[in-house]
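Asker: What follows is a structure written as structure tokens; I'll ask about it next.
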2 protein chains.
Amino acid sequence: MLIPEPVQRLIDAFSRLPGVGPKTASRLTFFMLRGGEDLSLELASALQELKANTAVCQQCFNITGVGRTLCEVCAHPRRDPAQICVVEEPLDVLALERTGGFEGHYHVLDGALNPIEGIGPDDLHIKELTARVAAGTIKEVIIATNPSIEGDATAMYIQQQLAPFGVRLTRLARGLPVGGDLEYADQNTLLRALSGRQDLGE
Amino acid sequence: MLIPEPVQRLIDAFSRLPGVGPKTASRLTFFMLRGGEDLSLELASALQELKANTAVCQQCFNITGVGRTLCEVCAHPRRDPAQICVVEEPLDVLALERTGGFEGHYHVLDGALNPIEGIGPDDLHIKELTARVAAGTIKEVIIATNPSIEGDATAMYIQQQLAPFGVRLTRLARGLPVGGDLEYADQNTLLRALSGRQDLGE
């Protein structure tokens, strides 16, 4: 064995991260070896404190600071509790918040339906979503799952579950990405952009 | 602040890794949040023990296990101490070892000359290389610095330093990568492949 055990161990740990292959893992490890002690220790302590110092919002399942029952969005007095946006992951909340275009609350499912990987409705926070809608204050549910097969299946399932409550159900628009080029758009996106075309001058 | 502090802290730590931008850093962090506790703790402990349990070979500056003065290559009874291969980083040693085509010793410089970043000859293990060659057992020095401007400058500097000792100085061949396509080779590589052409049938 040419690689000392502690080095190989870190390479193995890095390799388990998504999108990090063995080559990147070695590069990161040797960067750590050459780089100052402080980055490895900072990364180690940030990792250790991550779970200990974060909590999950009891209402929308977004990530929040430890000791809080509601996340910043749910606890915000100006946000509209009548409109909720259903997303797959906390990262999606961040992406939507960055747009500054949504003033309602969120609901994080923690994934999408995926029969192949054995993820069914009970593995997601769908029951809790139904309960929130059943409580009566919600007027619109914007389903913002990913535009993928799993995201579409999840959206359809949620639609069926929420239909009896008579709330407005919407889904994020699909079409050409801003700054995109018609010529390079794939067939499905172009079809969606066509079928979802909007009237001008209204 | 929408992102809880412990989450942001880990995102910041990941962002400092080479090749990891803010988006990848968030993805890794949220992967850690969703994934099992064991991976974050394993990664944290591997990071903490990396420096504590590794040492640098006193002869070639390669990475080795703690408590050892020589690395596995330098300590190996069958490796030829008369031939040394000069590389920039420990990762380069691994790459060469993987080929199985080199039976000599190594010398890790810990970088390459880079005036823009202020890396001069004294920041690299060049003095130690000169001392090893001056000791007299070495017959050939293969300079295997990267085929880059910095690597070439370093090779040239080493060549000047070692010239008085009369040892054989060589450099890794340049040319078309195996499995590559002539059509896609860049001009410089093609020029090198031409000027370094080898006779057939000898």
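Please note that chains go A, B, ... in the order of the structure tokens, that every chain numbers its residues from 1, and that ligands are numbered from 1 in the order shown.
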Please list as a PDB file with all heavy atoms, in the first residue's frame every residue within 10 Å of Arg68 in chain B, counting only C-alpha atoms and excluding residues in the same chain fewer than 3 positions away.
Answerer:
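Writing the result to around-v1.pdb gives the following:
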```pdb
ATOM      1  N   THR B  54      -0.037  11.678   9.402  1.00  0.00           N
ATOM      2  CA  THR B  54       0.817  11.542   8.226  1.00  0.00           C
ATOM      3  C   THR B  54       2.124  12.281   8.493  1.00  0.00           C
ATOM      4  O   THR B  54       2.183  13.204   9.300  1.00  0.00           O
ATOM      5  CB  THR B  54       0.168  12.138   6.961  1.00  0.00           C
ATOM      6  OG1 THR B  54      -0.282  13.445   7.258  1.00  0.00           O
ATOM      7  CG2 THR B  54      -0.973  11.295   6.465  1.00  0.00           C
ATOM      8  N   ALA B  55       3.151  11.853   7.814  1.00  0.00           N
ATOM      9  CA  ALA B  55       4.443  12.510   7.948  1.00  0.00           C
ATOM     10  C   ALA B  55       5.016  12.677   6.542  1.00  0.00           C
ATOM     11  O   ALA B  55       4.443  12.176   5.570  1.00  0.00           O
ATOM     12  CB  ALA B  55       5.374  11.669   8.804  1.00  0.00           C
ATOM     13  N   VAL B  56       6.105  13.411   6.451  1.00  0.00           N
ATOM     14  CA  VAL B  56       6.733  13.626   5.161  1.00  0.00           C
ATOM     15  C   VAL B  56       8.058  12.859   5.151  1.00  0.00           C
ATOM     16  O   VAL B  56       8.805  12.897   6.131  1.00  0.00           O
ATOM     17  CB  VAL B  56       6.943  15.146   4.941  1.00  0.00           C
ATOM     18  CG1 VAL B  56       7.888  15.405   3.793  1.00  0.00           C
ATOM     19  CG2 VAL B  56       5.605  15.817   4.695  1.00  0.00           C
ATOM     20  N   CYS B  57       8.313  12.151   4.068  1.00  0.00           N
ATOM     21  CA  CYS B  57       9.547  11.376   3.935  1.00  0.00           C
ATOM     22  C   CYS B  57      10.740  12.333   4.007  1.00  0.00           C
ATOM     23  O   CYS B  57      10.764  13.343   3.314  1.00  0.00           O
ATOM     24  CB  CYS B  57       9.542  10.636   2.607  1.00  0.00           C
ATOM     25  SG  CYS B  57      11.095   9.804   2.244  1.00  0.00           S
ATOM     26  N   GLN B  58      11.710  12.015   4.858  1.00  0.00           N
ATOM     27  CA  GLN B  58      12.836  12.920   5.056  1.00  0.00           C
ATOM     28  C   GLN B  58      13.791  12.929   3.864  1.00  0.00           C
ATOM     29  O   GLN B  58      14.640  13.795   3.756  1.00  0.00           O
ATOM     30  CB  GLN B  58      13.611  12.528   6.323  1.00  0.00           C
ATOM     31  CG  GLN B  58      12.802  12.713   7.585  1.00  0.00           C
ATOM     32  CD  GLN B  58      12.298  14.137   7.723  1.00  0.00           C
ATOM     33  OE1 GLN B  58      13.085  15.071   7.768  1.00  0.00           O
ATOM     34  NE2 GLN B  58      10.978  14.321   7.745  1.00  0.00           N
ATOM     35  N   THR B  64       4.016  10.037   3.915  1.00  0.00           N
ATOM     36  CA  THR B  64       4.140   8.700   4.484  1.00  0.00           C
ATOM     37  C   THR B  64       3.408   8.627   5.815  1.00  0.00           C
ATOM     38  O   THR B  64       2.881   9.637   6.281  1.00  0.00           O
ATOM     39  CB  THR B  64       5.639   8.310   4.620  1.00  0.00           C
ATOM     40  OG1 THR B  64       5.719   6.969   5.062  1.00  0.00           O
ATOM     41  CG2 THR B  64       6.373   9.203   5.589  1.00  0.00           C
ATOM     42  N   GLY B  65       3.334   7.442   6.384  1.00  0.00           N
ATOM     43  CA  GLY B  65       2.649   7.281   7.666  1.00  0.00           C
ATOM     44  C   GLY B  65       3.432   7.947   8.784  1.00  0.00           C
ATOM     45  O   GLY B  65       4.647   8.107   8.696  1.00  0.00           O
ATOM     46  N   CYS B  71       9.610   7.116   3.198  1.00  0.00           N
ATOM     47  CA  CYS B  71       8.357   6.626   2.620  1.00  0.00           C
ATOM     48  C   CYS B  71       8.560   5.200   2.128  1.00  0.00           C
ATOM     49  O   CYS B  71       9.687   4.691   2.114  1.00  0.00           O
ATOM     50  CB  CYS B  71       7.902   7.526   1.482  1.00  0.00           C
ATOM     51  SG  CYS B  71       8.947   7.405   0.027  1.00  0.00           S
ATOM     52  N   GLU B  72       7.472   4.579   1.674  1.00  0.00           N
ATOM     53  CA  GLU B  72       7.568   3.176   1.243  1.00  0.00           C
ATOM     54  C   GLU B  72       8.521   2.987   0.075  1.00  0.00           C
ATOM     55  O   GLU B  72       9.190   1.959  -0.019  1.00  0.00           O
ATOM     56  CB  GLU B  72       6.186   2.656   0.844  1.00  0.00           C
ATOM     57  CG  GLU B  72       5.252   2.561   2.024  1.00  0.00           C
ATOM     58  CD  GLU B  72       4.197   1.460   1.837  1.00  0.00           C
ATOM     59  OE1 GLU B  72       4.433   0.541   1.044  1.00  0.00           O
ATOM     60  OE2 GLU B  72       3.157   1.560   2.492  1.00  0.00           O
ATOM     61  N   ALA B  75      12.160   3.371   1.296  1.00  0.00           N
ATOM     62  CA  ALA B  75      12.552   2.296   2.209  1.00  0.00           C
ATOM     63  C   ALA B  75      12.585   0.939   1.519  1.00  0.00           C
ATOM     64  O   ALA B  75      13.077  -0.035   2.076  1.00  0.00           O
ATOM     65  CB  ALA B  75      11.577   2.255   3.386  1.00  0.00           C
TER      66      ALA B  75
END
```
Asker: Please check the contacts: residues of chain A at most 9 Å away from chain B, using only C-alpha atoms, listed as number ranges by chain.
Answerer: A: 1-7, 9-14, 16-19, 24, 26-34, 37, 39-54, 63-66, 71-73, 89-91, 94, 97, 110
Asker: For the alpha helix (DSSP H) assignment from backbone DSSP, which residues of range 31-127 of chain B qualify? Please present them as a PyMOL selection string.
Answerer: chain B and resi 31-34+37-52+72-75+90-99+126-127
Asker: Generate a file of the selected residues that holds N, CA, C and O atoms, formatted as a short mmCIF file (atom, residue, chain, number, x, y, z; two decimals), in the first residue's frame.
Answerer:
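Produced file result06.cif, reproduced below:
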```cif
data_model
loop_
_atom_site.label_atom_id
_atom_site.label_comp_id
_atom_site.auth_asym_id
_atom_site.auth_seq_id
_atom_site.Cartn_x
_atom_site.Cartn_y
_atom_site.Cartn_z
N PHE B 31 -26.66 17.80 1.05
CA PHE B 31 -26.51 16.35 1.00
C PHE B 31 -26.16 15.83 2.40
O PHE B 31 -26.69 14.83 2.86
N MET B 32 -25.27 16.55 3.07
CA MET B 32 -24.86 16.18 4.43
C MET B 32 -26.04 16.26 5.38
O MET B 32 -26.19 15.43 6.28
N LEU B 33 -26.87 17.28 5.20
CA LEU B 33 -28.02 17.47 6.07
C LEU B 33 -29.02 16.33 5.92
O LEU B 33 -29.59 15.85 6.89
N ARG B 34 -29.22 15.91 4.69
CA ARG B 34 -30.20 14.84 4.45
C ARG B 34 -29.61 13.48 4.70
O ARG B 34 -30.31 12.59 5.14
N GLU B 37 -25.89 10.66 9.49
CA GLU B 37 -24.94 11.34 10.37
C GLU B 37 -23.54 10.79 10.15
O GLU B 37 -22.54 11.50 10.25
N ASP B 38 -23.45 9.47 9.84
CA ASP B 38 -22.14 8.81 9.82
C ASP B 38 -21.18 9.41 8.81
O ASP B 38 -20.00 9.53 9.08
N LEU B 39 -21.68 9.82 7.62
CA LEU B 39 -20.74 10.35 6.64
C LEU B 39 -20.12 11.65 7.11
O LEU B 39 -18.91 11.85 6.99
N SER B 40 -20.93 12.56 7.68
CA SER B 40 -20.33 13.83 8.12
C SER B 40 -19.33 13.59 9.24
O SER B 40 -18.26 14.21 9.26
N LEU B 41 -19.64 12.67 10.14
CA LEU B 41 -18.71 12.40 11.25
C LEU B 41 -17.45 11.70 10.74
O LEU B 41 -16.34 12.02 11.17
N GLU B 42 -17.61 10.78 9.80
CA GLU B 42 -16.46 10.07 9.23
C GLU B 42 -15.55 11.08 8.51
O GLU B 42 -14.33 11.08 8.67
N LEU B 43 -16.17 11.95 7.72
CA LEU B 43 -15.38 12.95 6.98
C LEU B 43 -14.68 13.89 7.96
O LEU B 43 -13.50 14.21 7.80
N ALA B 44 -15.41 14.29 9.01
CA ALA B 44 -14.82 15.20 10.00
C ALA B 44 -13.63 14.54 10.68
O ALA B 44 -12.56 15.16 10.81
N SER B 45 -13.77 13.28 11.06
CA SER B 45 -12.68 12.66 11.81
C SER B 45 -11.51 12.35 10.87
O SER B 45 -10.35 12.49 11.25
N ALA B 46 -11.81 11.99 9.62
CA ALA B 46 -10.73 11.74 8.66
C ALA B 46 -9.93 13.02 8.43
O ALA B 46 -8.70 13.00 8.31
N LEU B 47 -10.64 14.15 8.38
CA LEU B 47 -9.97 15.44 8.19
C LEU B 47 -9.07 15.77 9.37
O LEU B 47 -7.95 16.24 9.21
N GLN B 48 -9.60 15.52 10.57
CA GLN B 48 -8.84 15.86 11.77
C GLN B 48 -7.60 15.00 11.91
O GLN B 48 -6.57 15.46 12.38
N GLU B 49 -7.71 13.73 11.49
CA GLU B 49 -6.58 12.83 11.69
C GLU B 49 -5.58 12.85 10.55
O GLU B 49 -4.51 12.27 10.65
N LEU B 50 -5.98 13.53 9.46
CA LEU B 50 -5.10 13.54 8.28
C LEU B 50 -3.69 14.00 8.62
O LEU B 50 -2.72 13.29 8.41
N LYS B 51 -3.60 15.21 9.16
CA LYS B 51 -2.27 15.77 9.41
C LYS B 51 -1.59 15.11 10.60
O LYS B 51 -0.39 14.92 10.62
N ALA B 52 -2.41 14.74 11.60
CA ALA B 52 -1.84 14.14 12.80
C ALA B 52 -1.20 12.80 12.49
O ALA B 52 -0.22 12.41 13.12
N GLU B 72 7.47 4.58 1.67
CA GLU B 72 7.57 3.18 1.24
C GLU B 72 8.52 2.99 0.08
O GLU B 72 9.19 1.96 -0.02
N VAL B 73 8.56 3.96 -0.81
CA VAL B 73 9.43 3.84 -1.98
C VAL B 73 10.89 3.93 -1.55
O VAL B 73 11.72 3.08 -1.89
N CYS B 74 11.23 4.94 -0.76
CA CYS B 74 12.62 5.14 -0.34
C CYS B 74 13.10 3.97 0.52
O CYS B 74 14.28 3.61 0.50
N ALA B 75 12.16 3.37 1.30
CA ALA B 75 12.55 2.30 2.21
C ALA B 75 12.58 0.94 1.52
O ALA B 75 13.08 -0.04 2.08
N PRO B 90 2.93 15.01 -4.36
CA PRO B 90 2.77 13.59 -4.01
C PRO B 90 1.79 12.87 -4.94
O PRO B 90 1.96 11.70 -5.22
N LEU B 91 0.77 13.60 -5.42
CA LEU B 91 -0.20 12.98 -6.33
C LEU B 91 0.47 12.49 -7.60
O LEU B 91 0.04 11.51 -8.21
N ASP B 92 1.54 13.18 -8.02
CA ASP B 92 2.25 12.78 -9.23
C ASP B 92 2.98 11.47 -8.99
O ASP B 92 3.12 10.65 -9.89
N VAL B 93 3.46 11.27 -7.75
CA VAL B 93 4.09 9.99 -7.39
C VAL B 93 3.08 8.87 -7.56
O VAL B 93 3.36 7.84 -8.18
N LEU B 94 1.86 9.10 -7.06
CA LEU B 94 0.82 8.08 -7.19
C LEU B 94 0.55 7.76 -8.65
O LEU B 94 0.42 6.59 -9.03
N ALA B 95 0.45 8.81 -9.47
CA ALA B 95 0.17 8.61 -10.89
C ALA B 95 1.27 7.77 -11.53
O ALA B 95 0.99 6.83 -12.29
N LEU B 96 2.53 8.07 -11.21
CA LEU B 96 3.64 7.32 -11.80
C LEU B 96 3.67 5.89 -11.25
O LEU B 96 3.94 4.94 -11.98
N GLU B 97 3.38 5.74 -9.97
CA GLU B 97 3.38 4.40 -9.37
C GLU B 97 2.31 3.52 -10.01
O GLU B 97 2.50 2.32 -10.20
N ARG B 98 1.19 4.15 -10.34
CA ARG B 98 0.11 3.38 -10.95
C ARG B 98 0.52 2.78 -12.29
O ARG B 98 -0.01 1.75 -12.70
N THR B 99 1.46 3.43 -12.99
CA THR B 99 1.90 2.89 -14.29
C THR B 99 2.71 1.62 -14.08
O THR B 99 2.78 0.78 -14.96
N ILE B 126 14.40 22.11 -3.83
CA ILE B 126 15.43 22.00 -4.87
C ILE B 126 16.81 21.87 -4.24
O ILE B 126 17.63 21.07 -4.70
N LYS B 127 17.04 22.61 -3.16
CA LYS B 127 18.33 22.48 -2.45
C LYS B 127 18.54 21.03 -2.01
O LYS B 127 19.64 20.48 -2.14
#
```
Asker: In Å, with one decimal, what is the gap from CA of Val178 in chain B to CA of Gly100 in chain B?
Answerer: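 So the two atoms, CA of Val178 in chain B and CA of Gly100 in chain B, lie 16.5 Å apart.
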